[in-house]
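Visitor: mmCIF, N, CA and C atoms, saved as work10.cif, coming up:
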data_protein
#
loop_
_atom_site.label_atom_id
_atom_site.label_comp_id
_atom_site.auth_asym_id
_atom_site.auth_seq_id
_atom_site.Cartn_x
_atom_site.Cartn_y
_atom_site.Cartn_z
N ALA Z 1 47.49 -21.20 9.68
CA ALA Z 1 48.30 -20.46 8.74
C ALA Z 1 49.32 -19.58 9.48
N ALA Z 2 48.91 -18.94 10.57
CA ALA Z 2 49.83 -18.09 11.34
C ALA Z 2 50.94 -18.93 11.95
N ARG Z 3 50.60 -20.11 12.41
CA ARG Z 3 51.61 -20.99 13.00
C ARG Z 3 52.65 -21.38 11.94
N ARG Z 4 52.21 -21.69 10.75
CA ARG Z 4 53.13 -22.05 9.67
C ARG Z 4 53.94 -20.84 9.19
N ALA Z 5 53.35 -19.66 9.25
CA ALA Z 5 54.01 -18.45 8.76
C ALA Z 5 55.12 -17.98 9.69
N ARG Z 6 54.96 -18.21 10.97
CA ARG Z 6 55.91 -17.65 11.96
C ARG Z 6 57.38 -17.91 11.61
N PRO Z 7 57.80 -19.15 11.33
CA PRO Z 7 59.23 -19.36 11.05
C PRO Z 7 59.67 -18.79 9.70
N LEU Z 8 58.74 -18.43 8.85
CA LEU Z 8 59.07 -17.92 7.52
C LEU Z 8 59.14 -16.40 7.45
N LYS Z 9 58.73 -15.72 8.52
CA LYS Z 9 58.64 -14.25 8.50
C LYS Z 9 59.97 -13.57 8.19
N ARG Z 10 61.04 -14.05 8.77
CA ARG Z 10 62.34 -13.41 8.55
C ARG Z 10 62.77 -13.50 7.09
N VAL Z 11 62.49 -14.61 6.46
CA VAL Z 11 62.92 -14.83 5.08
C VAL Z 11 61.95 -14.21 4.08
N LEU Z 12 60.66 -14.41 4.29
CA LEU Z 12 59.65 -14.00 3.31
C LEU Z 12 58.92 -12.70 3.63
N GLY Z 13 59.06 -12.20 4.85
CA GLY Z 13 58.34 -10.98 5.23
C GLY Z 13 56.84 -11.22 5.16
N PRO Z 14 56.07 -10.26 4.60
CA PRO Z 14 54.61 -10.41 4.52
C PRO Z 14 54.15 -11.61 3.69
N LEU Z 15 54.98 -12.09 2.78
CA LEU Z 15 54.60 -13.26 1.98
C LEU Z 15 54.57 -14.54 2.82
N ALA Z 16 55.12 -14.48 4.03
CA ALA Z 16 55.08 -15.65 4.91
C ALA Z 16 53.63 -16.06 5.19
N TYR Z 17 52.73 -15.09 5.29
CA TYR Z 17 51.32 -15.42 5.55
C TYR Z 17 50.69 -16.13 4.37
N VAL Z 18 51.07 -15.74 3.16
CA VAL Z 18 50.57 -16.42 1.97
C VAL Z 18 51.07 -17.86 1.96
N ALA Z 19 52.36 -18.04 2.22
CA ALA Z 19 52.93 -19.39 2.26
C ALA Z 19 52.26 -20.22 3.36
N GLY Z 20 52.03 -19.62 4.52
CA GLY Z 20 51.36 -20.32 5.61
C GLY Z 20 49.94 -20.72 5.25
N ALA Z 21 49.24 -19.83 4.56
CA ALA Z 21 47.86 -20.12 4.15
C ALA Z 21 47.82 -21.24 3.12
N VAL Z 22 48.74 -21.23 2.17
CA VAL Z 22 48.77 -22.28 1.15
C VAL Z 22 49.07 -23.62 1.80
N GLY Z 23 50.06 -23.66 2.67
CA GLY Z 23 50.39 -24.91 3.35
C GLY Z 23 49.24 -25.44 4.18
N THR Z 24 48.55 -24.55 4.85
CA THR Z 24 47.40 -24.94 5.66
C THR Z 24 46.25 -25.45 4.79
N ALA Z 25 45.99 -24.76 3.68
CA ALA Z 25 44.90 -25.16 2.78
C ALA Z 25 45.12 -26.56 2.21
N VAL Z 26 46.37 -26.92 2.02
CA VAL Z 26 46.69 -28.22 1.42
C VAL Z 26 46.62 -29.35 2.44
N THR Z 27 46.96 -29.08 3.69
CA THR Z 27 47.12 -30.18 4.65
C THR Z 27 46.11 -30.25 5.79
N GLU Z 28 45.54 -29.14 6.18
CA GLU Z 28 44.68 -29.13 7.38
C GLU Z 28 43.25 -29.56 7.06
N ARG Z 29 42.54 -29.91 8.11
CA ARG Z 29 41.12 -30.26 8.00
C ARG Z 29 40.28 -29.08 8.48
N PRO Z 30 39.03 -29.01 8.03
CA PRO Z 30 38.15 -27.94 8.53
C PRO Z 30 37.96 -28.03 10.04
N LEU Z 31 37.66 -26.90 10.63
CA LEU Z 31 37.45 -26.78 12.07
C LEU Z 31 35.95 -26.79 12.36
N ARG Z 32 35.52 -27.65 13.29
CA ARG Z 32 34.12 -27.64 13.69
C ARG Z 32 33.95 -26.49 14.69
N CYS Z 33 33.07 -25.55 14.37
CA CYS Z 33 32.91 -24.36 15.20
C CYS Z 33 31.50 -23.80 15.07
N ALA Z 34 31.22 -22.80 15.88
CA ALA Z 34 29.94 -22.10 15.81
C ALA Z 34 30.19 -20.64 16.19
N ALA Z 35 29.37 -19.76 15.63
CA ALA Z 35 29.47 -18.33 15.94
C ALA Z 35 28.07 -17.78 16.13
N ARG Z 36 27.93 -16.93 17.15
CA ARG Z 36 26.67 -16.24 17.42
C ARG Z 36 26.94 -14.75 17.49
N CYS Z 37 26.03 -13.98 16.93
CA CYS Z 37 26.07 -12.52 17.03
C CYS Z 37 24.84 -12.07 17.79
N ASP Z 38 25.05 -11.39 18.91
CA ASP Z 38 23.96 -10.90 19.75
C ASP Z 38 22.96 -12.02 20.08
N GLY Z 39 23.50 -13.22 20.33
CA GLY Z 39 22.68 -14.36 20.74
C GLY Z 39 22.08 -15.17 19.62
N SER Z 40 22.17 -14.71 18.37
CA SER Z 40 21.61 -15.45 17.24
C SER Z 40 22.71 -16.19 16.50
N GLU Z 41 22.45 -17.46 16.22
CA GLU Z 41 23.45 -18.26 15.52
C GLU Z 41 23.66 -17.74 14.10
N VAL Z 42 24.92 -17.53 13.75
CA VAL Z 42 25.30 -17.09 12.42
C VAL Z 42 25.83 -18.27 11.62
N PHE Z 43 26.58 -19.14 12.31
CA PHE Z 43 27.19 -20.28 11.64
C PHE Z 43 27.39 -21.40 12.64
N ALA Z 44 27.21 -22.63 12.19
CA ALA Z 44 27.55 -23.81 12.99
C ALA Z 44 27.90 -24.93 12.04
N GLY Z 45 29.07 -25.53 12.24
CA GLY Z 45 29.50 -26.63 11.39
C GLY Z 45 30.99 -26.54 11.12
N PRO Z 46 31.45 -27.36 10.18
CA PRO Z 46 32.87 -27.31 9.83
C PRO Z 46 33.16 -26.10 8.95
N ALA Z 47 34.30 -25.45 9.22
CA ALA Z 47 34.69 -24.26 8.47
C ALA Z 47 36.18 -24.29 8.18
N TRP Z 48 36.53 -23.75 7.05
CA TRP Z 48 37.95 -23.56 6.73
C TRP Z 48 38.51 -22.39 7.53
N GLN Z 49 37.68 -21.39 7.72
CA GLN Z 49 38.16 -20.20 8.43
C GLN Z 49 36.98 -19.50 9.08
N LEU Z 50 37.23 -18.95 10.27
CA LEU Z 50 36.25 -18.16 10.99
C LEU Z 50 36.96 -16.88 11.42
N MET Z 51 36.47 -15.75 10.96
CA MET Z 51 37.12 -14.47 11.23
C MET Z 51 36.18 -13.54 11.97
N VAL Z 52 36.75 -12.78 12.91
CA VAL Z 52 36.01 -11.76 13.64
C VAL Z 52 36.85 -10.50 13.60
N GLY Z 53 36.23 -9.39 13.27
CA GLY Z 53 36.96 -8.13 13.23
C GLY Z 53 36.03 -6.95 13.29
N CYS Z 54 36.60 -5.78 13.52
CA CYS Z 54 35.79 -4.56 13.55
C CYS Z 54 36.20 -3.57 12.47
N SER Z 55 37.39 -3.74 11.89
CA SER Z 55 37.86 -2.77 10.91
C SER Z 55 37.72 -3.26 9.48
N GLY Z 56 37.56 -4.56 9.31
CA GLY Z 56 37.48 -5.13 7.97
C GLY Z 56 38.84 -5.53 7.43
N ALA Z 57 39.93 -5.21 8.13
CA ALA Z 57 41.27 -5.60 7.71
C ALA Z 57 41.65 -6.90 8.41
N PHE Z 58 41.94 -7.94 7.63
CA PHE Z 58 42.26 -9.24 8.19
C PHE Z 58 43.70 -9.63 7.97
N GLY Z 59 44.56 -8.71 7.66
CA GLY Z 59 45.98 -9.00 7.51
C GLY Z 59 46.37 -9.39 6.12
N ALA Z 60 47.62 -9.13 5.81
CA ALA Z 60 48.22 -9.47 4.51
C ALA Z 60 47.38 -8.92 3.34
N GLY Z 61 46.70 -7.81 3.57
CA GLY Z 61 45.92 -7.18 2.50
C GLY Z 61 44.51 -7.70 2.35
N SER Z 62 44.11 -8.67 3.16
CA SER Z 62 42.75 -9.19 3.09
C SER Z 62 41.82 -8.21 3.80
N ARG Z 63 40.57 -8.16 3.31
CA ARG Z 63 39.64 -7.21 3.93
C ARG Z 63 38.20 -7.63 3.70
N LEU Z 64 37.32 -7.00 4.47
CA LEU Z 64 35.88 -7.20 4.35
C LEU Z 64 35.26 -5.82 4.14
N ALA Z 65 34.76 -5.57 2.95
CA ALA Z 65 34.26 -4.25 2.59
C ALA Z 65 33.11 -3.78 3.47
N GLU Z 66 32.28 -4.71 3.97
CA GLU Z 66 31.10 -4.32 4.74
C GLU Z 66 31.44 -3.80 6.14
N ALA Z 67 32.60 -4.15 6.65
CA ALA Z 67 32.96 -3.76 8.02
C ALA Z 67 33.18 -2.26 8.11
N ASP Z 68 32.66 -1.68 9.18
CA ASP Z 68 32.78 -0.24 9.42
C ASP Z 68 33.29 -0.04 10.84
N PRO Z 69 34.54 0.40 11.01
CA PRO Z 69 35.07 0.54 12.35
C PRO Z 69 34.35 1.58 13.20
N ALA Z 70 33.53 2.42 12.59
CA ALA Z 70 32.82 3.46 13.34
C ALA Z 70 31.43 3.03 13.79
N ASP Z 71 30.95 1.84 13.38
CA ASP Z 71 29.58 1.47 13.72
C ASP Z 71 29.43 0.78 15.07
N GLY Z 72 30.55 0.47 15.74
CA GLY Z 72 30.47 -0.16 17.05
C GLY Z 72 30.10 -1.62 17.01
N LEU Z 73 30.17 -2.24 15.84
CA LEU Z 73 29.78 -3.64 15.69
C LEU Z 73 30.98 -4.48 15.25
N LEU Z 74 30.93 -5.76 15.60
CA LEU Z 74 31.90 -6.73 15.14
C LEU Z 74 31.33 -7.48 13.95
N ASP Z 75 32.17 -7.78 12.98
CA ASP Z 75 31.77 -8.57 11.82
C ASP Z 75 32.35 -9.96 11.97
N VAL Z 76 31.54 -10.97 11.63
CA VAL Z 76 31.94 -12.37 11.65
C VAL Z 76 31.80 -12.92 10.24
N VAL Z 77 32.84 -13.60 9.78
CA VAL Z 77 32.81 -14.25 8.47
C VAL Z 77 33.22 -15.69 8.67
N ALA Z 78 32.40 -16.61 8.21
CA ALA Z 78 32.72 -18.04 8.26
C ALA Z 78 32.82 -18.55 6.83
N ILE Z 79 33.94 -19.18 6.53
CA ILE Z 79 34.12 -19.84 5.23
C ILE Z 79 33.86 -21.32 5.48
N ALA Z 80 32.67 -21.75 5.07
CA ALA Z 80 32.24 -23.13 5.33
C ALA Z 80 33.14 -24.13 4.62
N ALA Z 81 33.29 -25.30 5.24
CA ALA Z 81 34.08 -26.37 4.63
C ALA Z 81 33.45 -26.75 3.29
N GLY Z 82 34.29 -27.13 2.41
CA GLY Z 82 33.87 -27.55 1.07
C GLY Z 82 35.11 -27.97 0.31
N PRO Z 83 35.01 -28.06 -0.99
CA PRO Z 83 36.18 -28.48 -1.78
C PRO Z 83 37.35 -27.53 -1.59
N ARG Z 84 38.54 -28.09 -1.46
CA ARG Z 84 39.74 -27.26 -1.27
C ARG Z 84 39.96 -26.30 -2.44
N ARG Z 85 39.59 -26.71 -3.63
CA ARG Z 85 39.79 -25.84 -4.81
C ARG Z 85 39.03 -24.52 -4.66
N ARG Z 86 37.95 -24.53 -3.88
CA ARG Z 86 37.16 -23.31 -3.66
C ARG Z 86 37.93 -22.28 -2.82
N LEU Z 87 38.94 -22.73 -2.08
CA LEU Z 87 39.72 -21.81 -1.25
C LEU Z 87 40.45 -20.75 -2.08
N VAL Z 88 40.80 -21.08 -3.31
CA VAL Z 88 41.46 -20.10 -4.18
C VAL Z 88 40.51 -18.94 -4.44
N ARG Z 89 39.25 -19.24 -4.74
CA ARG Z 89 38.26 -18.19 -4.97
C ARG Z 89 38.04 -17.37 -3.70
N HIS Z 90 37.99 -18.03 -2.55
CA HIS Z 90 37.80 -17.31 -1.29
C HIS Z 90 38.98 -16.39 -0.99
N ALA Z 91 40.18 -16.86 -1.27
CA ALA Z 91 41.37 -16.02 -1.06
C ALA Z 91 41.30 -14.78 -1.95
N TYR Z 92 40.89 -14.96 -3.18
CA TYR Z 92 40.73 -13.81 -4.09
C TYR Z 92 39.65 -12.86 -3.57
N GLY Z 93 38.56 -13.42 -3.06
CA GLY Z 93 37.48 -12.60 -2.50
C GLY Z 93 37.94 -11.81 -1.28
N LEU Z 94 38.79 -12.41 -0.46
CA LEU Z 94 39.33 -11.69 0.70
C LEU Z 94 40.22 -10.54 0.25
N ARG Z 95 41.01 -10.76 -0.77
CA ARG Z 95 41.89 -9.69 -1.27
C ARG Z 95 41.09 -8.54 -1.86
N ARG Z 96 39.96 -8.84 -2.49
CA ARG Z 96 39.12 -7.81 -3.10
C ARG Z 96 38.12 -7.20 -2.12
N GLY Z 97 37.99 -7.82 -0.92
CA GLY Z 97 37.05 -7.31 0.07
C GLY Z 97 35.63 -7.79 -0.15
N ARG Z 98 35.43 -8.80 -1.00
CA ARG Z 98 34.07 -9.25 -1.35
C ARG Z 98 33.84 -10.72 -1.06
N VAL Z 99 34.57 -11.30 -0.12
CA VAL Z 99 34.40 -12.72 0.16
C VAL Z 99 33.00 -13.05 0.64
N SER Z 100 32.34 -12.15 1.35
CA SER Z 100 31.02 -12.47 1.89
C SER Z 100 29.95 -12.59 0.81
N ASP Z 101 30.26 -12.18 -0.41
CA ASP Z 101 29.32 -12.34 -1.53
C ASP Z 101 29.38 -13.73 -2.14
N GLN Z 102 30.33 -14.54 -1.75
CA GLN Z 102 30.57 -15.82 -2.39
C GLN Z 102 29.74 -16.94 -1.77
N PRO Z 103 29.39 -17.95 -2.59
CA PRO Z 103 28.72 -19.13 -2.05
C PRO Z 103 29.62 -19.83 -1.02
N GLY Z 104 29.01 -20.33 0.04
CA GLY Z 104 29.75 -21.02 1.07
C GLY Z 104 30.34 -20.10 2.12
N VAL Z 105 30.02 -18.82 2.06
CA VAL Z 105 30.54 -17.85 3.03
C VAL Z 105 29.36 -17.21 3.74
N VAL Z 106 29.45 -17.14 5.07
CA VAL Z 106 28.39 -16.55 5.89
C VAL Z 106 28.96 -15.32 6.58
N HIS Z 107 28.17 -14.25 6.59
CA HIS Z 107 28.59 -13.00 7.23
C HIS Z 107 27.53 -12.60 8.24
N GLY Z 108 27.99 -12.20 9.43
CA GLY Z 108 27.08 -11.70 10.46
C GLY Z 108 27.70 -10.49 11.13
N ARG Z 109 26.87 -9.79 11.88
CA ARG Z 109 27.33 -8.56 12.55
C ARG Z 109 26.58 -8.42 13.86
N GLY Z 110 27.32 -7.97 14.89
CA GLY Z 110 26.66 -7.76 16.17
C GLY Z 110 27.56 -7.08 17.18
N ARG Z 111 26.96 -6.68 18.29
CA ARG Z 111 27.72 -6.05 19.38
C ARG Z 111 28.47 -7.09 20.20
N VAL Z 112 27.87 -8.27 20.34
CA VAL Z 112 28.48 -9.35 21.12
C VAL Z 112 28.62 -10.56 20.20
N VAL Z 113 29.85 -11.07 20.11
CA VAL Z 113 30.13 -12.25 19.30
C VAL Z 113 30.62 -13.34 20.23
N GLU Z 114 30.02 -14.52 20.10
CA GLU Z 114 30.43 -15.68 20.87
C GLU Z 114 30.87 -16.77 19.90
N LEU Z 115 31.99 -17.41 20.22
CA LEU Z 115 32.52 -18.48 19.39
C LEU Z 115 32.57 -19.77 20.18
N ASP Z 116 32.18 -20.86 19.57
CA ASP Z 116 32.35 -22.19 20.15
C ASP Z 116 33.41 -22.88 19.31
N LEU Z 117 34.53 -23.22 19.96
CA LEU Z 117 35.66 -23.85 19.30
C LEU Z 117 36.06 -25.10 20.06
N PRO Z 118 36.75 -26.02 19.41
CA PRO Z 118 37.22 -27.21 20.12
C PRO Z 118 38.16 -26.80 21.26
N PRO Z 119 38.17 -27.56 22.36
CA PRO Z 119 39.06 -27.23 23.48
C PRO Z 119 40.52 -27.13 23.03
N GLY Z 120 41.21 -26.11 23.51
CA GLY Z 120 42.62 -25.92 23.19
C GLY Z 120 42.90 -25.30 21.84
N GLU Z 121 41.86 -25.03 21.07
CA GLU Z 121 42.07 -24.43 19.75
C GLU Z 121 42.69 -23.06 19.93
N ARG Z 122 43.68 -22.74 19.14
CA ARG Z 122 44.37 -21.46 19.25
C ARG Z 122 43.78 -20.47 18.25
N LEU Z 123 43.71 -19.23 18.67
CA LEU Z 123 43.19 -18.15 17.84
C LEU Z 123 44.34 -17.31 17.30
N ASN Z 124 44.18 -16.80 16.10
CA ASN Z 124 45.13 -15.85 15.54
C ASN Z 124 44.56 -14.47 15.87
N VAL Z 125 45.18 -13.79 16.81
CA VAL Z 125 44.73 -12.48 17.25
C VAL Z 125 45.73 -11.45 16.75
N ASP Z 126 45.39 -10.82 15.65
CA ASP Z 126 46.26 -9.82 15.03
C ASP Z 126 47.67 -10.37 14.80
N GLY Z 127 47.74 -11.59 14.29
CA GLY Z 127 49.02 -12.20 13.94
C GLY Z 127 49.69 -13.00 15.03
N GLU Z 128 49.16 -12.95 16.24
CA GLU Z 128 49.73 -13.71 17.36
C GLU Z 128 48.78 -14.84 17.74
N LEU Z 129 49.32 -16.00 18.04
CA LEU Z 129 48.50 -17.14 18.43
C LEU Z 129 48.19 -17.09 19.92
N SER Z 130 46.92 -17.31 20.25
CA SER Z 130 46.48 -17.25 21.63
C SER Z 130 45.40 -18.30 21.86
N GLU Z 131 45.40 -18.91 23.04
CA GLU Z 131 44.34 -19.86 23.39
C GLU Z 131 43.14 -19.15 24.01
N ARG Z 132 43.34 -17.94 24.48
CA ARG Z 132 42.25 -17.19 25.12
C ARG Z 132 42.21 -15.79 24.55
N PHE Z 133 41.02 -15.29 24.37
CA PHE Z 133 40.86 -13.92 23.91
C PHE Z 133 39.47 -13.46 24.29
N THR Z 134 39.39 -12.38 25.01
CA THR Z 134 38.11 -11.82 25.42
C THR Z 134 38.12 -10.34 25.11
N VAL Z 135 37.07 -9.88 24.46
CA VAL Z 135 36.90 -8.45 24.21
C VAL Z 135 35.91 -7.93 25.23
N LEU Z 136 36.36 -7.02 26.07
CA LEU Z 136 35.47 -6.46 27.08
C LEU Z 136 34.63 -5.33 26.53
N ALA Z 137 35.22 -4.51 25.69
CA ALA Z 137 34.49 -3.39 25.07
C ALA Z 137 35.14 -3.08 23.75
N ILE Z 138 34.32 -2.78 22.79
CA ILE Z 138 34.85 -2.42 21.47
C ILE Z 138 33.89 -1.43 20.83
N GLY Z 139 34.44 -0.61 19.98
CA GLY Z 139 33.59 0.31 19.24
C GLY Z 139 33.21 1.52 20.08
N ARG Z 140 32.11 2.12 19.71
CA ARG Z 140 31.65 3.36 20.36
C ARG Z 140 31.07 3.07 21.73
N THR Z 141 31.40 3.89 22.69
CA THR Z 141 30.87 3.70 24.05
C THR Z 141 29.63 4.54 24.33
N ASP Z 142 29.21 5.35 23.36
CA ASP Z 142 28.04 6.20 23.56
C ASP Z 142 26.74 5.52 23.15
N GLN Z 143 26.78 4.25 22.80
CA GLN Z 143 25.58 3.56 22.35
C GLN Z 143 25.13 2.53 23.36
#
With the file now loaded, output its structure as structure tokens.
Guide:
Amino acid sequence: AARRARPLKRVLGPLAYVAGAVGTAVTERPLRCAARCDGSEVFAGPAWQLMVGCSGAFGAGSRLAEADPADGLLDVVAIAAGPRRRLVRHAYGLRRGRVSDQPGVVHGRGRVVELDLPPGERLNVDGELSERFTVLAIGRTDQ
């Protein structure tokens, strides 16, 4: 979605992400991936989207209500592959901050998050595409 949104940013501004997400939802295939929090598997399989964050803000007004930037933990949300029509409900859940309450969505939390992705898969890191991303420290350092 970020890759599709990039050329539209000048014309559409923040709506470029919505257009990118719609285009991606219509044409792309789910991503085979896995996520672990503190060594325990949270999700493994095909997913439409895999998100990791500490503040609960996922861009373009999307959010995760359970995330607490003061708790020193990362939140992981996986939207499992399924019917494309379900993506509309998930998008609405992201806007309301309640996507993790929906069927087909897995939420985990931990100090250390590990992702298994296909080789060369690019990550959207705060709106920028990157093939590599490592968090050395996040959250509170007194714990």
Visitor: Translate the PyMOL selection byres ((chain Z and resi 93-101) around 7), as applied to the file shown, into an explicit residue set as a list of chain:residue names.
Guide: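 In the shown coordinates, the PyMOL selection byres ((chain Z and resi 93-101) around 7) covers Z:Gly61, Z:Ser62, Z:Arg63, Z:Leu64, Z:Ala65, Z:Glu66, Z:Val88, Z:Arg89, Z:His90, Z:Ala91, Z:Tyr92, Z:Gln102, Z:Pro103, Z:Gly104, Z:Val105, Z:Val106, Z:His107.
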Visitor: Which residues would end up in the selection if the PyMOL selection byres ((chain Z and resi 46-48) around 7) were applied here, given that I need the answer as a ChimeraX atom specification?
Guide: /Z:29-33,44-45,49-50,78-82
Visitor: One number please: atom N of Z:Val125 to atom C of Z:Ala21, in Å, one decimal.
Guide: 15.8 Å
Visitor: Translate the PyMOL selection byres ((chain Z and resi 52) around 8) into a concrete residue list for this structure, as an mmCIF file with N, CA and C atoms, in the frame of the given file.
Guide:
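Listing of out.cif after writing:
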data_model
loop_
_atom_site.group_PDB
_atom_site.id
_atom_site.type_symbol
_atom_site.label_atom_id
_atom_site.label_comp_id
_atom_site.auth_asym_id
_atom_site.auth_seq_id
_atom_site.Cartn_x
_atom_site.Cartn_y
_atom_site.Cartn_z
ATOM 1 N N GLN Z 49 37.680 -21.390 7.720
ATOM 2 C CA GLN Z 49 38.160 -20.200 8.430
ATOM 3 C C GLN Z 49 36.980 -19.500 9.080
ATOM 4 N N LEU Z 50 37.230 -18.950 10.270
ATOM 5 C CA LEU Z 50 36.250 -18.160 10.990
ATOM 6 C C LEU Z 50 36.960 -16.880 11.420
ATOM 7 N N MET Z 51 36.470 -15.750 10.960
ATOM 8 C CA MET Z 51 37.120 -14.470 11.230
ATOM 9 C C MET Z 51 36.180 -13.540 11.970
ATOM 10 N N GLY Z 53 36.230 -9.390 13.270
ATOM 11 C CA GLY Z 53 36.960 -8.130 13.230
ATOM 12 C C GLY Z 53 36.030 -6.950 13.290
ATOM 13 N N CYS Z 54 36.600 -5.780 13.520
ATOM 14 C CA CYS Z 54 35.790 -4.560 13.550
ATOM 15 C C CYS Z 54 36.200 -3.570 12.470
ATOM 16 N N SER Z 55 37.390 -3.740 11.890
ATOM 17 C CA SER Z 55 37.860 -2.770 10.910
ATOM 18 C C SER Z 55 37.720 -3.260 9.480
ATOM 19 N N GLY Z 56 37.560 -4.560 9.310
ATOM 20 C CA GLY Z 56 37.480 -5.130 7.970
ATOM 21 C C GLY Z 56 38.840 -5.530 7.430
ATOM 22 N N ALA Z 57 39.930 -5.210 8.130
ATOM 23 C CA ALA Z 57 41.270 -5.600 7.710
ATOM 24 C C ALA Z 57 41.650 -6.900 8.410
ATOM 25 N N PHE Z 58 41.940 -7.940 7.630
ATOM 26 C CA PHE Z 58 42.260 -9.240 8.190
ATOM 27 C C PHE Z 58 43.700 -9.630 7.970
ATOM 28 N N LEU Z 74 30.930 -5.760 15.600
ATOM 29 C CA LEU Z 74 31.900 -6.730 15.140
ATOM 30 C C LEU Z 74 31.330 -7.480 13.950
ATOM 31 N N ASP Z 75 32.170 -7.780 12.980
ATOM 32 C CA ASP Z 75 31.770 -8.570 11.820
ATOM 33 C C ASP Z 75 32.350 -9.960 11.970
ATOM 34 N N VAL Z 76 31.540 -10.970 11.630
ATOM 35 C CA VAL Z 76 31.940 -12.370 11.650
ATOM 36 C C VAL Z 76 31.800 -12.920 10.240
ATOM 37 N N VAL Z 77 32.840 -13.600 9.780
ATOM 38 C CA VAL Z 77 32.810 -14.250 8.470
ATOM 39 C C VAL Z 77 33.220 -15.690 8.670
ATOM 40 N N ALA Z 78 32.400 -16.610 8.210
ATOM 41 C CA ALA Z 78 32.720 -18.040 8.260
ATOM 42 C C ALA Z 78 32.820 -18.550 6.830
#
Visitor: Report, in Å with one decimal, the straight-line distance from atom CA of Z:Ala35 to atom CA of Z:Gly108.
Guide: 8.9 Å
Visitor: For Z:Asp38, work out the shell of residues within 5 Å, counting all atoms listed in the file and skipping chain neighbours fewer than 4 positions away, then give it as a ChimeraX atom specification.
Guide: /Z:110,112-113
Visitor: Could you work out how far atom C of Z:Leu115 lies from atom CA of Z:Gly20, giving the answer in Å with one decimal?
Guide: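 About the pair atom CA of Z:Gly20 and atom C of Z:Leu115: they are 23.8 Å apart.
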Visitor: Take the point (53.9, -24.1, 2.0) in the file's coordinates, draw a sphere of radius 12 Å around it, and report as a list in words every protein, DNA or RNA residue with an atom inside or on it, counting only C-alpha atoms.
Guide: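 Within 12 Å of (53.9, -24.1, 2.0), the protein and nucleic acid residues are Ala1, Ala2, Arg3, Arg4, Ala5, Pro7, Leu8, Leu12, Leu15, Ala16, Tyr17, Val18, Ala19, Gly20, Ala21, Val22, Gly23, Thr24, Ala25, Val26, Thr27 and Glu28 of chain Z.
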Visitor: Those same residues - N, CA and C atoms - I'd like them written as a compact mmCIF listing (two decimals), keeping the file's coordinate frame.
Guide:
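selection_28.txt was written with the following content:
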# COMPACT_ATOMS: atom_id res chain seq x y z
N ALA Z 1 47.49 -21.20 9.68
CA ALA Z 1 48.30 -20.46 8.74
C ALA Z 1 49.32 -19.58 9.48
N ALA Z 2 48.91 -18.94 10.57
CA ALA Z 2 49.83 -18.09 11.34
C ALA Z 2 50.94 -18.93 11.95
N ARG Z 3 50.60 -20.11 12.41
CA ARG Z 3 51.61 -20.99 13.00
C ARG Z 3 52.65 -21.38 11.94
N ARG Z 4 52.21 -21.69 10.75
CA ARG Z 4 53.13 -22.05 9.67
C ARG Z 4 53.94 -20.84 9.19
N ALA Z 5 53.35 -19.66 9.25
CA ALA Z 5 54.01 -18.45 8.76
C ALA Z 5 55.12 -17.98 9.69
N PRO Z 7 57.80 -19.15 11.33
CA PRO Z 7 59.23 -19.36 11.05
C PRO Z 7 59.67 -18.79 9.70
N LEU Z 8 58.74 -18.43 8.85
CA LEU Z 8 59.07 -17.92 7.52
C LEU Z 8 59.14 -16.40 7.45
N LEU Z 12 60.66 -14.41 4.29
CA LEU Z 12 59.65 -14.00 3.31
C LEU Z 12 58.92 -12.70 3.63
N LEU Z 15 54.98 -12.09 2.78
CA LEU Z 15 54.60 -13.26 1.98
C LEU Z 15 54.57 -14.54 2.82
N ALA Z 16 55.12 -14.48 4.03
CA ALA Z 16 55.08 -15.65 4.91
C ALA Z 16 53.63 -16.06 5.19
N TYR Z 17 52.73 -15.09 5.29
CA TYR Z 17 51.32 -15.42 5.55
C TYR Z 17 50.69 -16.13 4.37
N VAL Z 18 51.07 -15.74 3.16
CA VAL Z 18 50.57 -16.42 1.97
C VAL Z 18 51.07 -17.86 1.96
N ALA Z 19 52.36 -18.04 2.22
CA ALA Z 19 52.93 -19.39 2.26
C ALA Z 19 52.26 -20.22 3.36
N GLY Z 20 52.03 -19.62 4.52
CA GLY Z 20 51.36 -20.32 5.61
C GLY Z 20 49.94 -20.72 5.25
N ALA Z 21 49.24 -19.83 4.56
CA ALA Z 21 47.86 -20.12 4.15
C ALA Z 21 47.82 -21.24 3.12
N VAL Z 22 48.74 -21.23 2.17
CA VAL Z 22 48.77 -22.28 1.15
C VAL Z 22 49.07 -23.62 1.80
N GLY Z 23 50.06 -23.66 2.67
CA GLY Z 23 50.39 -24.91 3.35
C GLY Z 23 49.24 -25.44 4.18
N THR Z 24 48.55 -24.55 4.85
CA THR Z 24 47.40 -24.94 5.66
C THR Z 24 46.25 -25.45 4.79
N ALA Z 25 45.99 -24.76 3.68
CA ALA Z 25 44.90 -25.16 2.78
C ALA Z 25 45.12 -26.56 2.21
N VAL Z 26 46.37 -26.92 2.02
CA VAL Z 26 46.69 -28.22 1.42
C VAL Z 26 46.62 -29.35 2.44
N THR Z 27 46.96 -29.08 3.69
CA THR Z 27 47.12 -30.18 4.65
C THR Z 27 46.11 -30.25 5.79
N GLU Z 28 45.54 -29.14 6.18
CA GLU Z 28 44.68 -29.13 7.38
C GLU Z 28 43.25 -29.56 7.06
Visitor: As a list in words, which residues of stretch 38-106 of chain Z does DSSP assign to alpha helix (DSSP H)?
Guide: Arg86, Leu87, Val88, Arg89, His90, Ala91, Tyr92, Gly93, Leu94, Arg95 and Arg96 of chain Z
Visitor: Determine which residues of chain Z receive a DSSP assignment of strand (DSSP E), computed from the backbone, and state them as a PyMOL selection string.
Guide: chain Z and resi 31-37+40-53+57-59+62-63+74-80+105-110+113-116+123-125+128-130
Visitor: Using only N, CA and C atoms, can you tell me which of Z:Gly13, Z:Leu129, Z:Leu117, Z:Arg109 comes closest to Z:Ala34?
Guide: Z:Leu117
